[in-house]
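Source file: final_17.cif. Holds: mmCIF, C-alpha atoms.
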```cif
data_start
loop_
_atom_site.label_atom_id
_atom_site.label_comp_id
_atom_site.auth_asym_id
_atom_site.auth_seq_id
_atom_site.Cartn_x
_atom_site.Cartn_y
_atom_site.Cartn_z
CA MET A 1 174.11 45.00 77.25
CA GLU A 2 175.02 43.24 74.02
CA LEU A 3 172.29 43.69 71.43
CA PRO A 4 171.53 41.04 68.77
CA LEU A 5 172.08 43.55 65.95
CA ASP A 6 175.08 45.85 65.64
CA TYR A 7 174.75 49.62 65.29
CA MET A 8 175.64 49.67 61.59
CA THR A 9 173.01 47.07 60.70
CA LEU A 10 170.30 48.89 62.65
CA ARG A 11 171.15 52.17 60.94
CA VAL A 12 170.84 50.59 57.51
CA ILE A 13 167.57 48.87 58.49
CA TRP A 14 166.07 52.16 59.65
CA TRP A 15 167.28 53.97 56.56
CA ALA A 16 165.48 51.33 54.49
CA LEU A 17 162.37 51.39 56.71
CA VAL A 18 161.90 55.14 56.33
CA GLY A 19 162.25 54.66 52.58
CA VAL A 20 159.61 51.91 52.65
CA LEU A 21 157.24 54.19 54.56
CA LEU A 22 157.74 56.98 52.03
CA ILE A 23 157.05 54.55 49.20
CA GLY A 24 153.96 53.29 51.04
CA PHE A 25 152.70 56.85 51.34
CA ALA A 26 153.35 57.57 47.66
CA LEU A 27 151.64 54.35 46.57
CA THR A 28 148.48 54.84 48.64
CA ASP A 29 147.91 58.49 49.43
CA GLY A 30 149.73 59.29 46.19
CA PHE A 31 146.83 57.98 44.11
CA THR A 32 144.50 60.21 46.14
CA LEU A 33 146.64 63.25 45.34
CA GLY A 34 146.81 62.26 41.68
CA ALA A 35 143.07 61.60 41.40
CA LEU A 36 142.24 64.98 42.95
CA ALA A 37 144.68 66.69 40.60
CA LEU A 38 142.66 65.15 37.76
CA LEU A 39 139.28 66.00 39.29
CA PRO A 40 138.33 69.20 37.36
CA PHE A 41 139.42 67.67 34.07
CA ALA A 42 138.23 64.06 34.40
CA GLY A 43 134.69 64.96 35.36
CA LYS A 44 132.69 67.21 33.06
CA THR A 45 129.46 67.05 35.08
CA ASP A 46 128.76 67.20 38.80
CA ASP A 47 127.94 63.49 38.97
CA GLU A 48 131.13 62.57 37.11
CA ARG A 49 133.24 64.59 39.54
CA ARG A 50 131.41 62.99 42.46
CA ALA A 51 132.28 59.57 41.04
CA VAL A 52 135.98 60.52 41.02
CA ILE A 53 135.77 61.85 44.59
CA ASN A 54 134.06 58.71 45.89
CA SER A 55 136.71 56.54 44.23
CA VAL A 56 139.25 57.81 46.77
CA SER A 57 137.21 59.20 49.68
CA ALA A 58 136.71 55.83 51.40
CA THR A 59 140.41 55.13 51.97
CA TRP A 60 142.22 58.49 52.02
CA GLU A 61 142.26 58.78 55.82
CA GLY A 62 143.82 55.36 56.27
CA ASN A 63 146.36 56.13 53.56
CA GLN A 64 147.64 59.09 55.55
CA VAL A 65 148.84 56.68 58.24
CA TRP A 66 151.94 56.17 56.08
CA PHE A 67 152.60 59.92 56.06
CA ILE A 68 152.22 60.21 59.84
CA VAL A 69 154.24 57.10 60.62
CA GLY A 70 156.95 58.21 58.19
CA GLY A 71 157.28 61.58 59.92
CA ALA A 72 157.25 59.94 63.35
CA SER A 73 159.90 57.43 62.28
CA LEU A 74 162.09 60.22 60.94
CA PHE A 75 161.75 62.04 64.27
CA ALA A 76 162.53 58.94 66.33
CA ALA A 77 165.23 57.28 64.21
CA TRP A 78 166.88 60.29 62.54
CA PRO A 79 166.36 63.29 64.89
CA LEU A 80 169.06 65.42 63.27
CA VAL A 81 167.54 64.86 59.82
CA TYR A 82 164.08 65.65 61.16
CA GLY A 83 165.31 68.85 62.81
CA ALA A 84 167.23 70.07 59.78
CA SER A 85 164.57 69.27 57.18
CA PHE A 86 161.50 70.40 59.10
CA SER A 87 163.21 73.60 60.27
CA GLY A 88 164.70 74.48 56.91
CA PHE A 89 161.62 73.53 54.90
CA TYR A 90 159.15 74.82 57.49
CA LEU A 91 157.13 77.10 55.20
CA ALA A 92 157.04 74.44 52.51
CA MET A 93 155.73 71.92 55.04
CA PHE A 94 153.17 74.46 56.23
CA LEU A 95 152.04 74.94 52.62
CA VAL A 96 151.64 71.17 52.22
CA LEU A 97 149.63 70.83 55.42
CA MET A 98 147.36 73.73 54.50
CA ALA A 99 146.70 72.11 51.12
CA MET A 100 146.08 68.71 52.69
CA ILE A 101 143.60 70.24 55.15
CA LEU A 102 141.49 71.27 52.15
CA ARG A 103 140.93 67.62 51.34
CA PRO A 104 138.75 66.46 54.29
CA VAL A 105 136.92 69.79 54.36
CA GLY A 106 136.26 69.54 50.63
CA PHE A 107 135.00 65.96 50.91
CA LYS A 108 132.60 66.87 53.71
CA TYR A 109 131.32 70.23 52.49
CA ARG A 110 131.27 69.96 48.70
CA SER A 111 127.88 68.27 48.43
CA LYS A 112 126.24 70.07 51.34
CA ARG A 113 124.74 72.63 48.96
CA PRO A 114 123.46 72.12 45.41
CA GLY A 115 124.78 75.40 43.99
CA LYS A 116 127.06 75.09 40.96
CA VAL A 117 129.42 77.85 42.10
CA TRP A 118 129.68 76.30 45.57
CA ARG A 119 130.57 72.88 44.21
CA ARG A 120 132.89 74.20 41.52
CA ASN A 121 134.88 76.16 44.12
CA TRP A 122 135.25 73.07 46.28
CA ASP A 123 136.33 71.07 43.23
CA TRP A 124 139.18 73.51 42.66
CA ALA A 125 140.02 73.43 46.38
CA LEU A 126 140.29 69.64 46.17
CA PHE A 127 142.41 70.06 43.02
CA ALA A 128 144.77 72.32 44.99
CA GLY A 129 144.81 69.78 47.82
CA GLY A 130 146.09 67.20 45.35
CA LEU A 131 148.42 69.26 43.15
CA ILE A 132 150.24 71.37 45.76
CA PRO A 133 151.47 68.51 47.98
CA ALA A 134 152.52 66.50 44.92
CA LEU A 135 154.53 69.46 43.62
CA VAL A 136 156.10 70.46 46.96
CA PHE A 137 157.07 66.87 47.83
CA GLY A 138 158.98 66.70 44.56
CA VAL A 139 160.59 70.08 45.12
CA ALA A 140 161.66 68.89 48.59
CA ILE A 141 163.32 65.78 47.11
CA GLY A 142 165.06 68.04 44.59
CA ASN A 143 166.44 70.15 47.44
CA VAL A 144 167.69 67.03 49.19
CA LEU A 145 169.54 66.03 46.01
CA GLN A 146 171.09 69.46 45.43
CA GLY A 147 171.83 70.03 49.13
CA ALA A 148 170.48 72.42 51.73
CA PRO A 149 172.15 75.52 53.23
CA PHE A 150 172.42 74.51 56.89
CA SER A 151 175.27 74.19 59.36
CA TYR A 152 175.95 73.06 62.93
CA ASP A 153 178.06 74.76 65.55
CA GLY A 154 180.18 72.98 68.15
CA ASP A 155 177.12 72.33 70.32
CA LEU A 156 175.17 70.89 67.38
CA ARG A 157 172.88 73.89 67.17
CA MET A 158 171.64 74.12 63.61
CA THR A 159 171.42 77.30 61.53
CA PHE A 160 169.53 77.34 58.25
CA HIS A 161 170.94 80.02 55.94
CA ASP A 162 168.73 82.01 53.59
CA PRO A 163 170.67 82.41 50.33
CA LEU A 164 168.23 85.07 49.08
CA HIS A 165 168.33 87.16 52.28
CA ILE A 166 164.61 87.92 52.06
CA PRO A 167 162.84 88.11 55.44
CA LEU A 168 160.17 85.48 56.14
CA VAL A 169 159.78 84.04 52.64
CA GLY A 170 163.39 83.87 51.43
CA GLY A 171 163.82 80.32 52.70
CA LEU A 172 160.70 79.20 50.86
CA LEU A 173 161.55 80.94 47.59
CA SER A 174 165.10 79.59 47.62
CA LEU A 175 163.70 76.05 47.46
CA PHE A 176 162.46 76.63 43.92
CA THR A 177 165.29 76.28 41.39
CA PRO A 178 165.21 74.87 37.85
CA PHE A 179 166.30 71.43 39.09
CA THR A 180 163.92 71.31 42.05
CA LEU A 181 161.03 72.45 39.85
CA LEU A 182 161.93 69.64 37.46
CA CYS A 183 161.71 67.24 40.41
CA GLY A 184 158.41 68.80 41.40
CA LEU A 185 156.95 68.32 37.93
CA THR A 186 158.23 64.73 37.88
CA SER A 187 156.47 64.13 41.19
CA VAL A 188 153.23 65.62 39.86
CA ALA A 189 153.37 63.50 36.70
CA MET A 190 154.21 60.37 38.73
CA LEU A 191 151.31 60.84 41.16
CA VAL A 192 148.86 61.83 38.43
CA LEU A 193 149.83 58.58 36.71
CA GLN A 194 149.26 56.73 39.99
CA GLY A 195 145.90 58.43 40.39
CA ALA A 196 144.90 57.53 36.83
CA GLY A 197 145.97 53.93 37.44
CA TRP A 198 143.84 53.76 40.58
CA LEU A 199 140.82 55.34 38.90
CA SER A 200 141.11 52.83 36.07
CA ILE A 201 140.33 50.00 38.51
CA LYS A 202 137.81 51.96 40.61
CA LEU A 203 135.60 53.72 38.07
CA GLU A 204 132.94 51.92 36.11
CA LYS A 205 133.58 51.73 32.39
CA GLY A 206 132.33 54.83 30.64
CA GLU A 207 133.23 58.35 29.61
CA VAL A 208 134.85 59.38 32.90
CA ARG A 209 137.14 56.37 32.97
CA ASP A 210 138.04 56.83 29.30
CA ARG A 211 138.87 60.48 29.97
CA VAL A 212 141.04 59.51 32.95
CA LEU A 213 142.94 56.94 30.89
CA GLY A 214 143.59 59.58 28.25
CA TYR A 215 145.20 61.84 30.84
CA GLY A 216 147.05 58.82 32.23
CA LEU A 217 148.68 58.19 28.86
CA TRP A 218 150.03 61.73 28.84
CA ALA A 219 151.17 61.41 32.46
CA ALA A 220 153.07 58.18 31.70
CA ALA A 221 154.88 59.84 28.80
CA ALA A 222 155.63 62.88 30.96
CA VAL A 223 157.15 60.71 33.71
CA ILE A 224 159.50 59.03 31.25
CA VAL A 225 160.59 62.33 29.68
CA LEU A 226 160.98 64.27 32.96
CA TYR A 227 162.77 61.40 34.73
CA THR A 228 165.20 61.11 31.83
CA ILE A 229 165.85 64.85 31.90
CA GLY A 230 166.50 64.53 35.63
CA TYR A 231 169.13 61.88 34.94
CA VAL A 232 170.82 64.17 32.41
CA PHE A 233 170.68 67.02 34.93
CA ILE A 234 172.36 64.89 37.60
CA ARG A 235 174.98 63.47 35.25
CA TYR A 236 175.99 66.71 33.52
CA GLY A 237 174.62 69.47 35.76
CA GLY A 238 177.33 69.35 38.42
CA LEU A 239 175.08 67.80 41.07
CA GLY A 240 176.33 65.35 43.65
CA PHE A 241 178.29 64.96 46.87
CA ALA A 242 180.90 62.54 48.15
CA VAL A 243 182.20 61.56 51.56
CA ILE A 244 185.87 62.26 52.20
CA GLY A 245 187.89 59.67 54.07
CA ALA A 246 186.80 56.72 56.16
CA VAL A 247 183.64 57.07 58.23
CA PRO A 248 183.09 54.98 61.39
CA VAL A 249 179.81 53.20 60.65
CA ASP A 250 179.20 52.45 64.33
CA GLY A 251 180.43 55.76 65.72
CA PRO A 252 178.52 58.48 67.58
CA SER A 253 175.92 60.57 65.79
CA ASN A 254 177.89 63.75 65.26
CA PRO A 255 178.05 65.25 61.75
CA LEU A 256 181.04 67.41 62.72
CA HIS A 257 183.27 64.32 62.55
CA VAL A 258 182.60 63.68 58.86
CA GLU A 259 183.51 65.73 55.78
CA THR A 260 181.63 65.83 52.49
CA VAL A 261 182.40 67.75 49.32
CA ARG A 262 180.55 68.60 46.14
CA GLN A 263 181.36 66.17 43.35
CA ALA A 264 179.88 66.46 39.88
CA GLY A 265 178.10 63.21 39.08
CA GLY A 266 178.58 62.03 42.64
CA TRP A 267 175.01 60.72 42.83
CA LEU A 268 175.86 58.14 40.16
CA SER A 269 178.94 56.65 41.85
CA ASN A 270 176.94 54.03 43.78
CA TYR A 271 175.77 52.45 40.54
CA ALA A 272 179.36 51.74 39.51
CA LYS A 273 180.11 50.19 42.91
CA HIS A 274 176.84 48.26 43.19
CA PRO A 275 175.42 47.47 39.72
CA TRP A 276 172.32 45.85 41.24
CA MET A 277 171.14 49.35 42.17
CA TRP A 278 170.41 50.01 38.48
CA ALA A 279 167.22 48.03 39.07
CA ALA A 280 165.67 51.13 40.71
CA PRO A 281 166.08 53.66 37.85
CA VAL A 282 165.29 50.98 35.27
CA LEU A 283 162.04 50.28 37.12
CA GLY A 284 161.42 54.02 37.20
CA LEU A 285 161.47 54.03 33.38
CA VAL A 286 159.89 50.64 32.68
CA GLY A 287 157.01 51.21 35.12
CA PRO A 288 155.48 54.17 33.25
CA ALA A 289 155.88 52.27 29.97
CA ILE A 290 153.97 49.33 31.45
CA ALA A 291 151.30 51.71 32.78
CA TRP A 292 151.04 53.35 29.34
CA SER A 293 150.56 49.95 27.73
CA GLY A 294 147.94 48.95 30.30
CA MET A 295 145.96 52.14 29.76
CA LYS A 296 146.23 51.94 25.98
CA LEU A 297 145.08 48.31 25.98
CA ARG A 298 142.50 48.94 28.75
CA ILE A 299 144.11 46.32 31.01
CA ASP A 300 143.45 47.91 34.40
CA PRO A 301 145.70 45.75 36.67
CA LEU A 302 148.59 46.36 34.25
CA ALA A 303 147.95 50.10 34.33
CA PHE A 304 147.90 50.34 38.12
CA GLY A 305 150.73 47.84 38.52
CA GLY A 306 152.91 49.83 36.11
CA SER A 307 152.20 53.14 37.84
CA SER A 308 153.00 51.57 41.22
CA ALA A 309 156.24 50.15 39.84
CA ALA A 310 157.15 53.63 38.62
CA VAL A 311 156.62 55.05 42.10
CA ILE A 312 158.76 52.35 43.70
CA GLY A 313 161.54 52.71 41.14
CA ILE A 314 161.73 56.51 41.15
CA ILE A 315 161.73 56.91 44.94
CA SER A 316 164.15 54.00 45.40
CA SER A 317 166.54 55.52 42.87
CA VAL A 318 166.88 58.63 45.05
CA GLY A 319 167.88 56.53 48.05
CA CYS A 320 170.24 54.35 46.03
CA SER A 321 171.92 57.40 44.48
CA MET A 322 172.51 59.20 47.77
CA PHE A 323 173.44 56.39 50.18
CA PRO A 324 174.96 56.83 52.73
CA ILE A 325 174.23 60.58 52.54
CA ILE A 326 170.76 61.62 53.70
CA LEU A 327 170.88 65.43 53.62
CA PRO A 328 174.05 67.18 52.36
CA SER A 329 174.97 70.69 53.44
CA THR A 330 175.92 73.23 50.79
CA VAL A 331 177.54 75.71 53.21
CA ASP A 332 179.56 73.55 55.60
CA SER A 333 181.45 70.42 54.60
CA HIS A 334 181.28 69.15 58.20
CA SER A 335 177.51 69.43 58.63
CA SER A 336 176.14 66.95 56.11
CA LEU A 337 173.91 64.23 57.57
CA LEU A 338 174.70 60.60 56.80
CA VAL A 339 173.30 57.22 57.75
CA TRP A 340 176.36 56.86 59.99
CA ASN A 341 176.22 60.18 61.85
CA ALA A 342 172.58 61.29 62.23
CA SER A 343 170.69 58.42 63.87
CA SER A 344 169.34 57.85 67.35
CA SER A 345 171.26 55.66 69.77
CA HIS A 346 171.94 51.97 69.25
CA LEU A 347 169.45 50.94 71.95
CA THR A 348 166.75 53.31 70.69
CA LEU A 349 166.93 51.92 67.16
CA PHE A 350 166.73 48.36 68.47
CA ILE A 351 163.71 48.99 70.72
CA MET A 352 161.88 50.78 67.91
CA LEU A 353 162.64 47.91 65.55
CA LEU A 354 160.94 45.52 67.97
CA VAL A 355 157.90 47.79 68.05
CA VAL A 356 157.80 47.96 64.25
CA ALA A 357 158.15 44.17 64.00
CA VAL A 358 154.95 43.84 66.05
CA LEU A 359 152.86 46.74 64.73
CA LEU A 360 153.76 46.93 61.03
CA PRO A 361 152.19 43.54 60.21
CA VAL A 362 149.05 44.71 62.03
CA VAL A 363 148.92 47.88 59.92
CA LEU A 364 149.48 45.90 56.73
CA PHE A 365 146.78 43.39 57.71
CA TYR A 366 144.05 45.90 58.50
CA THR A 367 144.98 48.00 55.45
CA ALA A 368 144.63 44.95 53.20
CA TRP A 369 141.35 44.03 54.92
CA VAL A 370 139.92 47.53 54.43
CA TYR A 371 140.82 47.55 50.75
CA LYS A 372 139.25 44.11 50.34
CA VAL A 373 136.00 45.20 52.00
CA LEU A 374 135.81 48.47 50.09
CA PHE A 375 136.89 47.04 46.75
CA GLY A 376 134.51 47.64 43.88
CA ARG A 377 133.90 50.10 41.09
CA VAL A 378 132.15 53.43 41.54
CA GLY A 379 129.71 54.66 38.95
CA VAL A 380 127.47 57.64 38.36
CA GLY A 381 124.38 55.47 38.87
CA GLN A 382 125.35 54.61 42.44
CA LEU A 383 125.26 58.26 43.45
CA LYS A 384 121.47 58.27 43.23
CA THR A 385 120.95 55.06 45.24
CA ASN A 386 123.68 55.11 47.91
CA PRO A 387 123.15 57.82 50.57
CA ASP A 388 126.62 57.21 52.04
CA LEU A 389 128.41 58.61 48.99
CA TYR A 390 129.60 62.22 48.93
#
```

Starting from the coordinates I provided, produce the structure as structure tokens.
Amino acid sequence: MELPLDYMTLRVIWWALVGVLLIGFALTDGFTLGALALLPFAGKTDDERRAVINSVSATWEGNQVWFIVGGASLFAAWPLVYGASFSGFYLAMFLVLMAMILRPVGFKYRSKRPGKVWRRNWDWALFAGGLIPALVFGVAIGNVLQGAPFSYDGDLRMTFHDPLHIPLVGGLLSLFTPFTLLCGLTSVAMLVLQGAGWLSIKLEKGEVRDRVLGYGLWAAAAVIVLYTIGYVFIRYGGLGFAVIGAVPVDGPSNPLHVETVRQAGGWLSNYAKHPWMWAAPVLGLVGPAIAWSGMKLRIDPLAFGGSSAAVIGIISSVGCSMFPIILPSTVDSHSSLLVWNASSSHLTLFIMLLVVAVLLPVVLFYTAWVYKVLFGRVGVGQLKTNPDLY
């Protein structure tokens, strides 16, 4: 059966769709992570911390739809990428999930008892539930950029190699290198900035909001500095990969048919071939500057718009730098996963695209409707009059 879209086009569409879902997750659930990372510092009293919690508690569950759909799309559209990343980064993923589980439990249980110690402990649990995922997500992106130690045999059975040769935890510890930690810190700063931007439009004007904006100014500066250091690291640190020879863009999904090699500065080659891609890293630098200006001038839409632009630019720059490579292998030149050799079948991608064309507008519609209904500022005074608040 002749399909309306060719295999190459569908692969590119699904590469872009997974990127959009990741950006959607970072924009929405990212501000929840950032706000919780600010929780112990933004609120000095119990009521102030409750105001921060209730600024994100109404929408956090819906925001996680992007995380779930992104993982499901990776499984369905890029099964080899899903298998390699989730197997190799298993303990890191487990750490993220354990931290994220603290969030709903913390929301529900924090205010069940009036004790100061009880509530303080849950505040720090919620802080961990925001900081740890933000850090590990960045470390994971850093490992994607520097490559992962996996290989396939002739039957496409994957082996993830532990470079530290430490039982159980060696794979986890090997994920943390100077570059990946830099990426992790960039992710934390980016999401803290996003959280501060969100809180600027959700908190009533007062001491808590002013405190949040102060931290947001530092986060915006940190994003610019760390992102710039990351660029220097990639340009001069010997990072990058390149594909050797011609690759059939509509061929079967078999990484053994393609060869990649390390190439210093390889992640910057796309920008020379396609200058329009510079829009992504430029946005990654301009966005925090706009957010900084918005917070300094107390223009809330500018602050949140700038932080959101930073998220879009930084995440997009990773995809633009690596295309068509998705996950390079550091131990086998014939095991790297590309857009052209790691997808599901032609028919599968087409059927899923039809499903997305129907359901994604529905998700966007009800998400917009929920935000419209729940829009409004949260203040300390409401905590005493609204029994539905945590």

Expected selection from the PyMOL selection byres ((chain A and resi 143) around 10), given as a count of residues only: 24

Minimum-distance residue to Leu283 (chain A), chosen among A:Ser336, A:Ile299, A:Ile224, A:Gly265 (using only C-alpha atoms):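 So, comparing all the options, the nearest one is A:Ile224.
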
Could you check which of A:Leu172, A:Ala368, A:Val339, A:Val249 is closest to Ile326 (chain A), using only C-alpha atoms?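 Ranked by minimum distance to Ile326 (chain A), first place goes to A:Val339.
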
Could you please determine the separation between CA of Val81 (chain A) and CA of Leu337 (chain A) in Å, to one decimal place? 6.8 Å

For a cutoff of 12 Å around the file-coordinate point (145.1, 50.1, 38.1), which residues qualify once you count all atoms listed in the file? I'd like the result as a PyMOL selection string. chain A and resi 27+31+193-203+209+212-213+216+290-295+298-309+377

Could you state which residues are captured by the PyMOL selection byres ((chain A and resi 67) around 12) in this file, as number ranges by chain? A: 18-30, 60-66, 68-74, 96-97, 100, 133, 137

Identify which of the residues A:Trp78, A:Phe150, A:Trp118, A:Trp267 lies closest to Leu17 (chain A), counting all atoms listed in the file when measuring atom-to-atom distances. A:Trp78

Mind rebuilding region 257-287 of chain A with N, CA and C atoms and writing that out as a PDB file, keeping the file's coordinate frame?
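Below you can see selection_37.pdb, which holds the result:
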```pdb
ATOM      1  N   HIS A 257     182.139  65.230  62.688  1.00  0.00           N
ATOM      2  CA  HIS A 257     183.270  64.320  62.550  1.00  0.00           C
ATOM      3  C   HIS A 257     183.451  63.805  61.128  1.00  0.00           C
ATOM      4  N   VAL A 258     182.558  64.194  60.229  1.00  0.00           N
ATOM      5  CA  VAL A 258     182.600  63.680  58.860  1.00  0.00           C
ATOM      6  C   VAL A 258     182.654  64.843  57.881  1.00  0.00           C
ATOM      7  N   GLU A 259     183.391  64.669  56.789  1.00  0.00           N
ATOM      8  CA  GLU A 259     183.510  65.730  55.780  1.00  0.00           C
ATOM      9  C   GLU A 259     182.935  65.242  54.450  1.00  0.00           C
ATOM     10  N   THR A 260     182.142  66.100  53.836  1.00  0.00           N
ATOM     11  CA  THR A 260     181.630  65.830  52.490  1.00  0.00           C
ATOM     12  C   THR A 260     181.987  66.992  51.578  1.00  0.00           C
ATOM     13  N   VAL A 261     182.099  66.704  50.302  1.00  0.00           N
ATOM     14  CA  VAL A 261     182.400  67.750  49.320  1.00  0.00           C
ATOM     15  C   VAL A 261     181.484  67.579  48.116  1.00  0.00           C
ATOM     16  N   ARG A 262     181.276  68.687  47.401  1.00  0.00           N
ATOM     17  CA  ARG A 262     180.550  68.600  46.140  1.00  0.00           C
ATOM     18  C   ARG A 262     181.366  67.791  45.134  1.00  0.00           C
ATOM     19  N   GLN A 263     180.687  66.969  44.388  1.00  0.00           N
ATOM     20  CA  GLN A 263     181.360  66.170  43.350  1.00  0.00           C
ATOM     21  C   GLN A 263     180.393  65.986  42.191  1.00  0.00           C
ATOM     22  N   ALA A 264     180.739  66.575  41.062  1.00  0.00           N
ATOM     23  CA  ALA A 264     179.880  66.460  39.880  1.00  0.00           C
ATOM     24  C   ALA A 264     179.668  64.995  39.531  1.00  0.00           C
ATOM     25  N   GLY A 265     178.418  64.606  39.380  1.00  0.00           N
ATOM     26  CA  GLY A 265     178.100  63.210  39.080  1.00  0.00           C
ATOM     27  C   GLY A 265     178.218  62.290  40.258  1.00  0.00           C
ATOM     28  N   GLY A 266     178.389  62.860  41.456  1.00  0.00           N
ATOM     29  CA  GLY A 266     178.580  62.030  42.640  1.00  0.00           C
ATOM     30  C   GLY A 266     177.400  61.126  42.951  1.00  0.00           C
ATOM     31  N   TRP A 267     176.189  61.541  42.545  1.00  0.00           N
ATOM     32  CA  TRP A 267     175.010  60.720  42.830  1.00  0.00           C
ATOM     33  C   TRP A 267     174.938  59.474  41.952  1.00  0.00           C
ATOM     34  N   LEU A 268     175.864  59.334  41.011  1.00  0.00           N
ATOM     35  CA  LEU A 268     175.860  58.140  40.160  1.00  0.00           C
ATOM     36  C   LEU A 268     176.958  57.147  40.541  1.00  0.00           C
ATOM     37  N   SER A 269     177.791  57.507  41.509  1.00  0.00           N
ATOM     38  CA  SER A 269     178.940  56.650  41.850  1.00  0.00           C
ATOM     39  C   SER A 269     178.504  55.311  42.449  1.00  0.00           C
ATOM     40  N   ASN A 270     177.385  55.289  43.179  1.00  0.00           N
ATOM     41  CA  ASN A 270     176.940  54.030  43.780  1.00  0.00           C
ATOM     42  C   ASN A 270     176.610  52.979  42.739  1.00  0.00           C
ATOM     43  N   TYR A 271     176.169  53.414  41.564  1.00  0.00           N
ATOM     44  CA  TYR A 271     175.770  52.450  40.540  1.00  0.00           C
ATOM     45  C   TYR A 271     176.980  51.734  39.946  1.00  0.00           C
ATOM     46  N   ALA A 272     178.131  52.404  39.962  1.00  0.00           N
ATOM     47  CA  ALA A 272     179.360  51.740  39.510  1.00  0.00           C
ATOM     48  C   ALA A 272     179.849  50.730  40.551  1.00  0.00           C
ATOM     49  N   LYS A 273     179.672  51.090  41.838  1.00  0.00           N
ATOM     50  CA  LYS A 273     180.110  50.190  42.910  1.00  0.00           C
ATOM     51  C   LYS A 273     179.144  49.033  43.104  1.00  0.00           C
ATOM     52  N   HIS A 274     177.866  49.283  42.940  1.00  0.00           N
ATOM     53  CA  HIS A 274     176.840  48.260  43.190  1.00  0.00           C
ATOM     54  C   HIS A 274     175.894  48.205  41.977  1.00  0.00           C
ATOM     55  N   PRO A 275     176.236  47.481  40.946  1.00  0.00           N
ATOM     56  CA  PRO A 275     175.420  47.470  39.720  1.00  0.00           C
ATOM     57  C   PRO A 275     173.963  47.050  39.931  1.00  0.00           C
ATOM     58  N   TRP A 276     173.696  46.269  40.992  1.00  0.00           N
ATOM     59  CA  TRP A 276     172.320  45.850  41.240  1.00  0.00           C
ATOM     60  C   TRP A 276     171.397  47.031  41.495  1.00  0.00           C
ATOM     61  N   MET A 277     171.959  48.176  41.900  1.00  0.00           N
ATOM     62  CA  MET A 277     171.140  49.350  42.170  1.00  0.00           C
ATOM     63  C   MET A 277     170.484  49.905  40.898  1.00  0.00           C
ATOM     64  N   TRP A 278     171.014  49.532  39.721  1.00  0.00           N
ATOM     65  CA  TRP A 278     170.410  50.010  38.480  1.00  0.00           C
ATOM     66  C   TRP A 278     168.971  49.532  38.347  1.00  0.00           C
ATOM     67  N   ALA A 279     168.587  48.525  39.132  1.00  0.00           N
ATOM     68  CA  ALA A 279     167.220  48.030  39.070  1.00  0.00           C
ATOM     69  C   ALA A 279     166.212  49.137  39.400  1.00  0.00           C
ATOM     70  N   ALA A 280     166.598  50.066  40.299  1.00  0.00           N
ATOM     71  CA  ALA A 280     165.670  51.130  40.710  1.00  0.00           C
ATOM     72  C   ALA A 280     165.374  52.106  39.564  1.00  0.00           C
ATOM     73  N   PRO A 281     166.397  52.749  38.955  1.00  0.00           N
ATOM     74  CA  PRO A 281     166.080  53.660  37.850  1.00  0.00           C
ATOM     75  C   PRO A 281     165.484  52.969  36.639  1.00  0.00           C
ATOM     76  N   VAL A 282     165.889  51.716  36.394  1.00  0.00           N
ATOM     77  CA  VAL A 282     165.290  50.980  35.270  1.00  0.00           C
ATOM     78  C   VAL A 282     163.795  50.782  35.527  1.00  0.00           C
ATOM     79  N   LEU A 283     163.455  50.426  36.765  1.00  0.00           N
ATOM     80  CA  LEU A 283     162.040  50.280  37.120  1.00  0.00           C
ATOM     81  C   LEU A 283     161.303  51.605  37.003  1.00  0.00           C
ATOM     82  N   GLY A 284     162.015  52.696  37.322  1.00  0.00           N
ATOM     83  CA  GLY A 284     161.420  54.020  37.200  1.00  0.00           C
ATOM     84  C   GLY A 284     161.075  54.385  35.763  1.00  0.00           C
ATOM     85  N   LEU A 285     161.756  53.788  34.799  1.00  0.00           N
ATOM     86  CA  LEU A 285     161.470  54.030  33.380  1.00  0.00           C
ATOM     87  C   LEU A 285     160.535  52.966  32.790  1.00  0.00           C
ATOM     88  N   VAL A 286     160.708  51.721  33.211  1.00  0.00           N
ATOM     89  CA  VAL A 286     159.890  50.640  32.680  1.00  0.00           C
ATOM     90  C   VAL A 286     158.460  50.729  33.228  1.00  0.00           C
ATOM     91  N   GLY A 287     158.323  51.124  34.494  1.00  0.00           N
ATOM     92  CA  GLY A 287     157.010  51.210  35.120  1.00  0.00           C
ATOM     93  C   GLY A 287     156.034  52.089  34.357  1.00  0.00           C
TER      94      GLY A 287
END
```
